[in-house]
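Note: the block below is coords39.cif and it holds mmCIF, C-alpha atoms.
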```cif
data_start
loop_
_atom_site.label_atom_id
_atom_site.label_comp_id
_atom_site.auth_asym_id
_atom_site.auth_seq_id
_atom_site.Cartn_x
_atom_site.Cartn_y
_atom_site.Cartn_z
CA MET A 1 100.73 101.96 122.69
CA ILE A 2 101.54 103.06 119.14
CA LYS A 3 98.61 102.19 116.87
CA MET A 4 100.42 101.10 113.71
CA ILE A 5 99.66 98.63 110.93
CA SER A 6 102.28 97.29 108.54
CA LEU A 7 101.87 96.75 104.82
CA ILE A 8 104.58 94.53 103.33
CA LEU A 9 105.00 94.76 99.56
CA GLY A 10 105.31 91.37 97.90
CA GLY A 11 107.23 92.75 94.93
CA GLY A 12 106.75 92.63 91.19
CA ALA A 13 107.81 90.01 88.67
CA GLY A 14 111.31 89.78 90.19
CA SER A 15 112.98 89.46 86.80
CA ARG A 16 116.43 90.37 88.14
CA LEU A 17 116.31 87.32 90.43
CA TYR A 18 115.37 84.96 87.60
CA PRO A 19 115.46 81.91 87.48
CA LEU A 20 114.87 81.81 91.26
CA THR A 21 111.64 83.72 90.63
CA LYS A 22 110.48 81.56 87.72
CA SER A 23 107.81 79.88 89.87
CA ARG A 24 107.80 82.01 93.04
CA SER A 25 107.75 85.67 94.06
CA LYS A 26 110.89 87.35 95.40
CA PRO A 27 109.79 87.29 99.06
CA ALA A 28 109.27 83.52 98.78
CA VAL A 29 112.88 82.84 97.76
CA SER A 30 114.85 80.83 100.33
CA ILE A 31 117.67 82.46 102.27
CA GLY A 32 120.02 81.24 104.98
CA GLY A 33 119.21 77.59 104.37
CA LYS A 34 115.86 77.43 106.21
CA TYR A 35 114.22 80.86 105.90
CA ARG A 36 112.44 82.83 103.20
CA LEU A 37 112.96 86.51 102.47
CA ILE A 38 109.45 87.37 103.68
CA ASP A 39 110.42 86.09 107.15
CA ILE A 40 112.76 89.08 107.58
CA PRO A 41 110.24 91.99 107.54
CA ILE A 42 107.64 89.93 109.42
CA SER A 43 110.19 89.03 112.12
CA ASN A 44 111.29 92.67 112.38
CA CYS A 45 107.66 93.65 112.92
CA LEU A 46 107.08 90.99 115.58
CA ASN A 47 110.29 91.92 117.39
CA SER A 48 109.15 95.57 117.33
CA GLY A 49 105.70 94.88 118.73
CA VAL A 50 103.95 95.38 115.39
CA LYS A 51 101.58 92.43 115.22
CA ARG A 52 99.11 93.49 112.55
CA MET A 53 100.49 92.92 109.07
CA PHE A 54 99.15 92.70 105.54
CA VAL A 55 101.33 91.20 102.80
CA LEU A 56 100.45 92.56 99.35
CA THR A 57 100.96 89.96 96.63
CA GLN A 58 100.46 89.69 92.89
CA TYR A 59 103.06 87.70 90.91
CA ASN A 60 103.71 83.96 91.46
CA SER A 61 102.18 84.26 94.92
CA ALA A 62 101.05 80.67 95.60
CA SER A 63 104.29 79.59 97.31
CA LEU A 64 104.43 82.77 99.38
CA ASN A 65 100.79 82.47 100.43
CA LYS A 66 101.29 78.85 101.50
CA HIS A 67 104.38 79.71 103.55
CA ILE A 68 102.66 82.55 105.39
CA LYS A 69 99.53 80.46 106.03
CA ASN A 70 101.62 77.60 107.48
CA THR A 71 103.96 79.80 109.52
CA PHE A 72 102.44 82.81 111.23
CA HIS A 73 99.63 81.98 113.64
CA PHE A 74 98.43 84.08 116.59
CA ASP A 75 96.31 83.16 119.58
CA ILE A 76 92.82 84.62 119.83
CA PHE A 77 93.80 87.04 122.62
CA SER A 78 96.66 88.82 120.82
CA HIS A 79 94.63 90.46 117.98
CA GLY A 80 97.68 89.87 115.80
CA PHE A 81 97.61 88.63 112.21
CA VAL A 82 99.60 88.27 109.01
CA ASP A 83 97.03 88.40 106.21
CA ILE A 84 97.49 88.12 102.47
CA LEU A 85 96.04 90.89 100.29
CA ALA A 86 96.18 89.64 96.71
CA ALA A 87 95.73 92.03 93.81
CA GLU A 88 92.06 92.07 92.95
CA GLN A 89 89.75 93.63 90.44
CA THR A 90 86.76 95.42 91.97
CA ALA A 91 83.74 97.37 90.78
CA GLY A 92 85.71 100.58 91.25
CA ASN A 93 89.04 99.38 89.86
CA ASP A 94 89.90 96.85 87.17
CA ARG A 95 93.73 97.29 87.25
CA TRP A 96 96.33 95.03 88.82
CA PHE A 97 98.95 96.71 91.02
CA GLN A 98 100.90 99.20 88.89
CA GLY A 99 103.59 100.10 91.44
CA THR A 100 104.35 100.39 95.16
CA ALA A 101 102.01 103.30 95.82
CA ASP A 102 99.23 101.86 93.67
CA ALA A 103 99.44 98.55 95.58
CA VAL A 104 99.00 100.37 98.89
CA ARG A 105 96.25 102.63 97.52
CA GLN A 106 94.22 99.66 96.28
CA SER A 107 94.61 97.97 99.67
CA MET A 108 93.65 100.92 101.88
CA HIS A 109 89.98 99.93 102.14
CA HIS A 110 91.02 96.74 103.96
CA LEU A 111 92.48 98.87 106.78
CA LYS A 112 89.28 100.77 107.62
CA ASN A 113 88.09 98.24 110.19
CA HIS A 114 91.40 98.35 112.08
CA ASP A 115 92.15 101.08 114.60
CA HIS A 116 95.42 102.73 113.57
CA ASP A 117 97.12 106.12 113.43
CA TYR A 118 100.22 105.16 111.46
CA ILE A 119 101.02 102.94 108.47
CA LEU A 120 104.40 101.22 108.21
CA ILE A 121 105.29 100.29 104.62
CA LEU A 122 108.00 97.69 104.03
CA SER A 123 109.60 95.75 101.20
CA GLY A 124 109.46 91.97 101.22
CA ASP A 125 112.93 91.39 99.77
CA GLN A 126 115.48 93.10 102.04
CA LEU A 127 117.86 91.75 104.68
CA TYR A 128 118.16 93.81 107.88
CA GLN A 129 117.20 93.97 111.56
CA MET A 130 115.47 97.17 112.65
CA ASP A 131 113.43 98.31 115.64
CA PHE A 132 110.30 99.80 114.08
CA GLU A 133 108.99 100.91 117.46
CA ALA A 134 112.01 103.21 117.81
CA MET A 135 111.44 104.52 114.29
CA ALA A 136 107.76 105.14 115.05
CA GLN A 137 108.63 107.01 118.26
CA PHE A 138 111.09 109.15 116.28
CA HIS A 139 108.31 109.84 113.76
CA ILE A 140 105.93 110.93 116.56
CA ASP A 141 108.53 113.03 118.39
CA SER A 142 109.43 114.77 115.11
CA GLU A 143 105.76 115.58 114.47
CA ALA A 144 106.32 114.26 110.97
CA GLU A 145 103.72 113.30 108.38
CA LEU A 146 106.14 110.95 106.64
CA THR A 147 109.34 109.37 107.95
CA ILE A 148 111.71 107.67 105.53
CA ALA A 149 114.34 105.23 106.81
CA THR A 150 117.69 106.15 105.26
CA ILE A 151 121.11 104.57 105.24
CA PRO A 152 124.49 106.25 104.53
CA VAL A 153 126.07 105.21 101.22
CA ASN A 154 129.14 106.22 99.22
CA ALA A 155 129.19 108.02 95.87
CA PHE A 156 129.39 104.78 93.87
CA ASP A 157 126.25 103.31 95.45
CA ALA A 158 124.35 106.62 95.55
CA THR A 159 123.61 106.51 91.82
CA SER A 160 121.52 103.35 92.35
CA PHE A 161 119.21 104.74 95.08
CA GLY A 162 116.75 107.48 95.84
CA ILE A 163 118.91 110.08 97.62
CA MET A 164 117.65 112.46 100.31
CA LYS A 165 119.02 115.88 101.09
CA VAL A 166 118.74 115.95 104.89
CA ASP A 167 119.38 118.96 107.11
CA GLU A 168 120.63 119.13 110.70
CA ASN A 169 117.06 118.71 111.99
CA SER A 170 116.57 115.46 110.02
CA CYS A 171 114.10 117.20 107.70
CA ILE A 172 114.14 116.32 103.98
CA PRO A 173 113.79 119.41 101.75
CA ARG A 174 114.81 117.61 98.55
CA PHE A 175 114.78 114.14 97.04
CA ILE A 176 116.19 112.72 93.80
CA GLU A 177 115.83 109.26 92.29
CA LYS A 178 119.12 107.65 91.13
CA PRO A 179 121.15 110.84 90.58
CA ASN A 180 123.96 111.08 88.04
CA ALA A 181 127.47 111.06 89.50
CA ASP A 182 128.27 114.57 88.20
CA ILE A 183 125.66 116.22 90.48
CA LEU A 184 126.34 114.28 93.69
CA ASP A 185 128.37 117.08 95.31
CA ASP A 186 125.10 118.94 95.88
CA TRP A 187 123.47 115.96 97.64
CA THR A 188 125.62 115.33 100.70
CA SER A 189 123.87 115.26 104.08
CA VAL A 190 124.66 115.39 107.77
CA VAL A 191 126.01 111.96 108.79
CA SER A 192 128.14 110.63 111.64
CA ASP A 193 131.89 111.25 111.65
CA LYS A 194 132.47 107.54 111.09
CA ASN A 195 130.37 107.50 107.93
CA MET A 196 131.80 110.78 106.69
CA ASN A 197 135.36 109.51 107.09
CA SER A 198 134.50 106.40 105.07
CA GLY A 199 132.93 108.47 102.28
CA LYS A 200 129.35 107.56 103.16
CA ASN A 201 127.91 111.07 103.21
CA TYR A 202 124.82 110.45 101.06
CA LEU A 203 121.56 109.24 102.58
CA ALA A 204 119.71 106.65 100.52
CA SER A 205 116.10 105.61 100.93
CA MET A 206 115.72 102.08 102.31
CA GLY A 207 112.17 101.79 100.98
CA ILE A 208 110.85 101.79 104.56
CA TYR A 209 108.22 104.43 105.34
CA ILE A 210 105.95 105.48 108.20
CA PHE A 211 102.98 107.65 107.17
CA ASN A 212 100.42 109.35 109.31
CA ARG A 213 97.14 107.77 108.31
CA LYS A 214 95.54 111.10 107.41
CA ALA A 215 98.57 112.26 105.40
CA LEU A 216 98.67 109.10 103.28
CA GLU A 217 94.93 109.22 102.61
CA GLU A 218 95.25 112.86 101.52
CA LEU A 219 98.24 112.15 99.27
CA PHE A 220 96.36 109.35 97.53
CA GLU A 221 93.24 111.48 97.16
CA GLN A 222 95.20 114.42 95.72
CA ASN A 223 97.36 112.27 93.43
CA PRO A 224 95.06 109.52 92.10
CA ASP A 225 97.39 108.62 89.22
CA ALA A 226 100.60 108.30 91.26
CA ASP A 227 101.76 104.67 91.13
CA ASP A 228 105.16 104.77 92.87
CA PHE A 229 106.33 106.09 96.24
CA GLY A 230 109.89 106.93 95.25
CA LYS A 231 109.17 108.55 91.92
CA GLU A 232 105.87 110.27 92.70
CA ILE A 233 104.40 110.27 96.22
CA ILE A 234 107.56 111.27 98.12
CA PRO A 235 108.49 114.18 95.77
CA VAL A 236 104.90 115.45 95.93
CA ALA A 237 104.87 115.27 99.74
CA ILE A 238 108.06 117.35 99.87
CA GLN A 239 106.77 119.85 97.28
CA ASP A 240 103.54 120.28 99.28
CA ASN A 241 105.64 121.32 102.31
CA ARG A 242 104.52 118.35 104.35
CA LYS A 243 106.92 117.49 107.14
CA VAL A 244 109.07 114.69 105.74
CA VAL A 245 111.96 113.50 107.92
CA SER A 246 114.81 111.02 107.73
CA TYR A 247 115.31 108.23 110.26
CA GLN A 248 118.99 107.47 109.81
CA TYR A 249 119.80 103.78 110.25
CA GLU A 250 123.35 102.71 111.09
CA GLY A 251 122.99 98.91 111.00
CA TYR A 252 123.35 96.29 108.28
CA TRP A 253 120.92 96.48 105.36
CA THR A 254 121.01 95.05 101.88
CA ASP A 255 118.49 94.97 99.08
CA ILE A 256 118.22 91.50 97.52
CA GLY A 257 117.75 92.92 94.05
CA ASN A 258 119.66 90.52 91.80
CA ILE A 259 121.43 87.16 91.71
CA ARG A 260 124.81 88.58 92.77
CA SER A 261 123.42 90.42 95.81
CA PHE A 262 121.43 87.32 96.79
CA PHE A 263 124.52 85.13 96.46
CA ASP A 264 126.76 87.49 98.45
CA ALA A 265 124.17 88.05 101.21
CA ASN A 266 123.80 84.31 101.75
CA LEU A 267 127.52 83.55 101.84
CA GLU A 268 128.15 86.46 104.23
CA LEU A 269 126.00 84.59 106.74
CA THR A 270 128.84 82.06 107.02
CA ASP A 271 131.32 84.68 108.28
CA ASN A 272 132.78 84.25 111.75
CA VAL A 273 130.77 87.27 112.94
CA PRO A 274 128.26 88.05 110.17
CA GLN A 275 126.75 91.51 109.89
CA PHE A 276 123.27 89.96 109.83
CA ASN A 277 123.05 88.01 113.07
CA LEU A 278 120.86 84.90 113.10
CA PHE A 279 122.08 84.07 116.61
CA ASP A 280 120.35 86.76 118.65
CA ASN A 281 118.00 86.34 121.60
CA GLN A 282 116.04 89.53 120.90
CA LYS A 283 116.19 89.91 117.11
CA VAL A 284 114.80 86.48 116.38
CA VAL A 285 114.14 85.47 112.77
CA TYR A 286 110.93 83.45 112.71
CA THR A 287 110.07 80.87 110.09
CA ARG A 288 108.00 77.75 109.58
CA GLY A 289 108.54 75.03 112.18
CA ARG A 290 108.95 71.96 109.98
CA MET A 291 109.73 69.35 112.68
CA LEU A 292 112.67 68.02 110.63
CA PRO A 293 115.26 65.60 112.01
CA PRO A 294 118.79 66.82 112.77
CA SER A 295 121.36 66.64 109.99
CA LYS A 296 123.78 63.72 109.61
CA VAL A 297 127.38 64.12 108.47
CA PHE A 298 129.69 61.25 107.46
CA GLY A 299 133.43 62.00 107.33
CA SER A 300 133.10 65.44 105.78
CA ILE A 301 135.35 68.44 106.37
CA ILE A 302 133.05 71.43 106.90
CA ASN A 303 134.33 74.99 107.29
CA TYR A 304 132.54 78.36 107.38
CA SER A 305 129.20 76.87 106.41
CA ILE A 306 125.57 76.73 107.47
CA ILE A 307 123.97 73.30 107.61
CA SER A 308 120.17 73.27 107.88
CA GLU A 309 117.97 70.55 109.34
CA GLY A 310 117.32 67.24 107.68
CA ALA A 311 120.50 67.13 105.59
CA ILE A 312 122.38 63.87 104.89
CA ILE A 313 125.97 64.68 103.98
CA HIS A 314 128.69 62.29 102.74
CA ALA A 315 130.68 65.06 101.04
CA LYS A 316 134.46 65.17 100.99
CA SER A 317 134.41 68.86 101.97
CA ILE A 318 132.07 71.84 102.27
CA GLU A 319 133.56 75.32 102.50
CA ARG A 320 131.78 78.70 102.66
CA ALA A 321 128.43 77.28 101.72
CA VAL A 322 124.80 77.42 102.76
CA ILE A 323 123.20 73.97 102.82
CA GLY A 324 119.40 74.02 102.80
CA ILE A 325 116.84 71.77 104.44
CA ARG A 326 116.71 68.08 103.44
CA SER A 327 119.85 68.39 101.28
CA ARG A 328 121.58 65.19 100.19
CA ILE A 329 125.23 65.24 99.15
CA GLY A 330 127.06 62.14 97.90
CA ASN A 331 130.46 60.62 98.65
CA ASN A 332 133.67 62.46 97.78
CA THR A 333 131.77 65.55 96.52
CA VAL A 334 133.21 69.05 97.08
CA ILE A 335 130.98 72.09 97.69
CA LYS A 336 132.69 75.50 97.75
CA SER A 337 131.21 79.01 97.72
CA ALA A 338 127.78 77.68 96.89
CA ILE A 339 124.15 77.76 97.99
CA LEU A 340 122.13 74.55 98.03
CA MET A 341 118.48 75.36 98.69
CA GLY A 342 117.66 71.77 99.57
CA ASN A 343 114.48 69.86 98.94
CA ASP A 344 110.77 70.19 99.64
CA TYR A 345 110.46 66.57 100.72
CA PHE A 346 112.53 63.46 101.48
CA GLU A 347 113.00 60.97 98.69
CA SER A 348 112.65 57.58 100.34
CA ILE A 349 115.12 54.73 99.92
CA GLU A 350 112.42 52.81 98.05
CA ASP A 351 111.96 55.72 95.63
CA ILE A 352 115.70 55.88 95.02
CA VAL A 353 115.91 52.13 94.38
CA ASP A 354 112.84 52.16 92.11
CA ASN A 355 114.47 54.94 90.10
CA LYS A 356 116.33 52.15 88.22
CA GLY A 357 119.61 53.91 87.76
CA GLY A 358 118.11 57.37 87.48
CA ILE A 359 119.47 60.37 89.35
CA ALA A 360 118.34 60.76 92.94
CA MET A 361 117.26 64.09 94.36
CA GLY A 362 120.30 65.99 95.68
CA ILE A 363 123.91 65.81 94.55
CA GLY A 364 125.65 62.59 93.57
CA ASN A 365 129.13 61.20 94.19
CA ASP A 366 132.51 62.62 93.08
CA SER A 367 131.08 65.97 91.97
CA TYR A 368 132.48 69.50 92.31
CA ILE A 369 130.30 72.58 92.75
CA GLU A 370 131.67 76.12 93.15
CA ASN A 371 130.23 79.62 92.66
CA ALA A 372 126.77 78.18 92.13
CA ILE A 373 123.20 78.21 93.41
CA VAL A 374 121.26 74.97 93.29
CA ASP A 375 117.52 75.55 93.56
CA LYS A 376 115.15 73.15 95.31
CA ASN A 377 114.52 69.54 94.28
CA ALA A 378 117.33 69.54 91.72
CA ARG A 379 118.86 66.19 90.74
CA ILE A 380 122.58 66.45 90.07
CA GLY A 381 124.33 63.24 89.09
CA SER A 382 127.77 61.84 89.86
CA ASN A 383 131.05 63.11 88.37
CA VAL A 384 129.42 66.46 87.65
CA ARG A 385 131.46 69.65 87.58
CA ILE A 386 129.66 72.99 88.01
CA VAL A 387 131.93 76.02 88.39
CA GLY A 388 130.88 79.62 87.96
CA SER A 389 133.29 82.43 87.04
CA VAL A 390 133.10 86.12 86.19
CA ALA A 391 134.71 85.14 82.89
CA LEU A 392 131.48 83.42 81.85
CA GLU A 393 128.86 85.22 79.79
CA ASN A 394 125.23 85.33 80.88
CA MET A 395 123.20 82.59 79.25
CA GLU A 396 120.25 80.25 79.78
CA ALA A 397 119.92 76.54 79.12
CA GLU A 398 117.04 74.19 79.87
CA SER A 399 118.29 73.18 83.33
CA TYR A 400 120.44 76.14 84.39
CA CYS A 401 121.37 79.79 83.88
CA ILE A 402 124.63 81.69 84.21
CA VAL A 403 124.05 85.12 85.76
CA ASP A 404 126.83 87.51 86.82
CA GLY A 405 129.32 84.64 86.79
CA ILE A 406 127.15 82.43 89.02
CA VAL A 407 125.70 79.15 87.76
CA VAL A 408 122.07 78.83 88.88
CA VAL A 409 120.65 75.30 88.60
CA LYS A 410 116.89 75.61 88.19
CA LYS A 411 114.26 74.15 90.49
CA ASN A 412 113.48 70.49 89.68
CA ALA A 413 116.32 70.43 87.12
CA VAL A 414 118.14 67.20 86.23
CA ILE A 415 121.89 67.35 85.54
CA GLU A 416 123.12 64.08 84.04
CA ASN A 417 126.16 62.13 85.23
CA GLY A 418 129.47 63.47 83.93
CA THR A 419 128.12 66.89 82.95
CA THR A 420 130.44 69.92 83.02
CA ILE A 421 128.97 73.42 83.37
CA GLY A 422 131.10 76.57 83.50
CA VAL A 423 134.88 76.44 83.72
#
```
For the structure just supplied, provide its representation as structure tokens.
Amino acid sequence: MIKMISLILGGGAGSRLYPLTKSRSKPAVSIGGKYRLIDIPISNCLNSGVKRMFVLTQYNSASLNKHIKNTFHFDIFSHGFVDILAAEQTAGNDRWFQGTADAVRQSMHHLKNHDHDYILILSGDQLYQMDFEAMAQFHIDSEAELTIATIPVNAFDATSFGIMKVDENSCIPRFIEKPNADILDDWTSVVSDKNMNSGKNYLASMGIYIFNRKALEELFEQNPDADDFGKEIIPVAIQDNRKVVSYQYEGYWTDIGNIRSFFDANLELTDNVPQFNLFDNQKVVYTRGRMLPPSKVFGSIINYSIISEGAIIHAKSIERAVIGIRSRIGNNTVIKSAILMGNDYFESIEDIVDNKGGIAMGIGNDSYIENAIVDKNARIGSNVRIVGSVALENMEAESYCIVDGIVVVKKNAVIENGTTIGV
């Protein structure tokens, strides 16, 4: 048995995902209608036999902590756990987490009572399905001190990642963070013929690492001021002639770094055969069991869409959309290329009646929503038109933002009857 513990980084302020991160951390953001981003790395660990996990949190962590507490429970015989490690000030350290490496360094003392030889470090805001047991076995067979999961990318994408120079033995002699396009010719690596033919001959770091326990402890001891893995710890490990190797991953992977990538990743789940497969017997994505009723649909035309539990839908049509839990959509409303995150609770009929003409939670009648994200518990009235477009400039109003051409209705926002937003 491979003795490995996973540390999952809860992320920083998540400003590029604002306003979805206004009141929650990035890993707590909903995805796929019923899941949260944190469910992805935790599910990958469980499917790989890694059942001891710490989630490192700092910013807007209440929602994330509650979700983990209510979701991931283990029986007393499994010795498994998913524990929260919140940033804390101690007698020996009065700083909050300053970066990825600093977060792990400050958390290392919590690992001392757990028997482990290897430390798996993951991000809490990526979408992928990977077998970490296979990666760990590769790490052991390579006699590596550090293994970095890499993915082939083209020249356009390479400038946005940490790029590895990898030789024919999978060793990494050089690493550069976000290289300029004019020096990329010197950074190609050995990749498969398929990737080479498609121009993907650069290997980018996925932000997934396996360290030998001793090696990581030594790196932290020797570099006490290093705060980031990509910018500091990894280059130092290579310069010190430690054995650093690449584990080349060929599957689907995307970093949910901004509103556009979040929007695209969600809508891709509605494809006929999506690259990220939610319908898999082995690569199960686990989430909170909410015991919700099945959804109800009344006379709607639905195409290429995901409908989560507890929805009540009277819409005219829904096309290429992700409909979240407990969503309510009124008569003759059209939803197209949109994400509705749903609601945290059901609004009862009595509550709706007592609202005295106010706007019920959900989306009203005769509305049109396209190229938009509607965050949880929003109240959108009738005869509302919300249409995003790349022609729109980024801006923020009280109840919504426009980011990268996508209209994002804020959590708990109220959009009055007859409102037009966008084009």
Residue nearest Arg328 of chain A among A:Ile313, A:Ile121, A:Met108, A:Val166 (counting only C-alpha atoms): A:Ile313
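Using only C-alpha atoms, the nearest neighbour of Gln98 of chain A within the list A:His110, A:Gln58, A:Arg174, A:Ser15 is A:Gln58.
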Using the chain letters and residue numbers of this document, give as JSON, numbers by chain the residues selected by the PyMOL selection byres ((chain A and resi 251) around 9). {"A": [128, 129, 130, 151, 249, 250, 252, 253, 275]}
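Coordinates place atom CA of Val284 of chain A at a distance of 14.1 Å from atom CA of Val50 of chain A.
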Name every residue that the PyMOL selection byres ((chain A and resi 181) around 9) selects in this structure, writing the answer as a ChimeraX atom specification with chains first and numbers rising. /A:155-156,158-159,179-180,182-185
Return the single residue from A:Leu219, A:Ile176, A:Met164, A:Met206 that is closest to Ser189 of chain A, with distances computed using only C-alpha atoms.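 So, comparing all the options, the nearest one is A:Met164.
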Would you mind listing what lies within 8 Å of Asn377 of chain A as a list of chain:residue names, with all atoms listed in the file counted and same-chain residues fewer than 4 positions away left out? A:Gly342, A:Asn343, A:Asp344, A:Met361, A:Gly362, A:Lys411, A:Asn412, A:Ala413
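Using only C-alpha atoms, every residue with an atom at most 12 Å from the point (96.2, 108.4, 84.6) is listed here: Arg95, Gln98, Asp102, Asn223, Pro224, Asp225, Ala226 and Asp227 of chain A.
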Students should find that atom CA of Ala321 of chain A and atom CA of Ala265 of chain A are spaced 11.6 Å
For the PyMOL selection byres ((chain A and resi 203) around 7), applied here, can you spell out every residue it catches as a list in words?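 Taken on the displayed file, the PyMOL selection byres ((chain A and resi 203) around 7) yields the residues Thr150, Ile151, Pro152, Val153, Ile163, Met164, Ser189, Asn201, Tyr202, Ala204 and Ser205 of chain A.
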Can you tell me which residues surround Gly230 of chain A at a distance of at most 9 Å, considering all atoms listed in the file, apart from same-chain residues fewer than 5 positions away, and format the answer as a CSV table (one decimal) with C-alpha atoms, in the coordinates of the input?
```csv
chain,number,residue,atom,x,y,z
A,100,THR,CA,104.4,100.4,95.2
A,101,ALA,CA,102.0,103.3,95.8
A,162,GLY,CA,116.8,107.5,95.8
A,175,PHE,CA,114.8,114.1,97.0
A,176,ILE,CA,116.2,112.7,93.8
A,177,GLU,CA,115.8,109.3,92.3
A,205,SER,CA,116.1,105.6,100.9
A,207,GLY,CA,112.2,101.8,101.0
A,235,PRO,CA,108.5,114.2,95.8
```
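Between atom CA of Tyr345 of chain A and atom CA of Arg288 of chain A lies a distance of 14.5 Å.
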Fill-in result for segment 139-153 of chain A, N, CA and C atoms as a short mmCIF file (atom, residue, chain, number, x, y, z; two decimals), keeping the file's coordinate frame:
```
data_model
loop_
_atom_site.label_atom_id
_atom_site.label_comp_id
_atom_site.auth_asym_id
_atom_site.auth_seq_id
_atom_site.Cartn_x
_atom_site.Cartn_y
_atom_site.Cartn_z
N HIS A 139 109.30 109.21 114.63
CA HIS A 139 108.31 109.84 113.76
C HIS A 139 107.35 110.71 114.57
N ILE A 140 106.87 110.18 115.71
CA ILE A 140 105.93 110.93 116.56
C ILE A 140 106.61 112.13 117.19
N ASP A 141 107.80 111.93 117.74
CA ASP A 141 108.53 113.03 118.39
C ASP A 141 108.87 114.14 117.40
N SER A 142 109.09 113.77 116.13
CA SER A 142 109.43 114.77 115.11
C SER A 142 108.21 115.50 114.56
N GLU A 143 107.03 115.04 114.98
CA GLU A 143 105.76 115.58 114.47
C GLU A 143 105.72 115.54 112.95
N ALA A 144 106.23 114.42 112.41
CA ALA A 144 106.32 114.26 110.97
C ALA A 144 105.03 113.69 110.40
N GLU A 145 104.82 113.94 109.11
CA GLU A 145 103.72 113.30 108.38
C GLU A 145 104.22 112.06 107.65
N LEU A 146 105.51 112.08 107.30
CA LEU A 146 106.14 110.95 106.64
C LEU A 146 107.58 110.83 107.13
N THR A 147 107.95 109.64 107.57
CA THR A 147 109.34 109.37 107.95
C THR A 147 109.89 108.30 107.02
N ILE A 148 111.06 108.59 106.46
CA ILE A 148 111.71 107.67 105.53
C ILE A 148 112.98 107.13 106.19
N ALA A 149 113.11 105.82 106.29
CA ALA A 149 114.34 105.23 106.81
C ALA A 149 115.43 105.39 105.76
N THR A 150 116.57 105.92 106.19
CA THR A 150 117.69 106.15 105.26
C THR A 150 118.94 105.49 105.79
N ILE A 151 119.84 105.20 104.86
CA ILE A 151 121.11 104.57 105.24
C ILE A 151 122.24 105.29 104.51
N PRO A 152 123.36 105.57 105.19
CA PRO A 152 124.49 106.25 104.53
C PRO A 152 125.14 105.35 103.47
N VAL A 153 125.40 105.93 102.31
CA VAL A 153 126.07 105.21 101.22
C VAL A 153 127.16 106.09 100.63
#
```
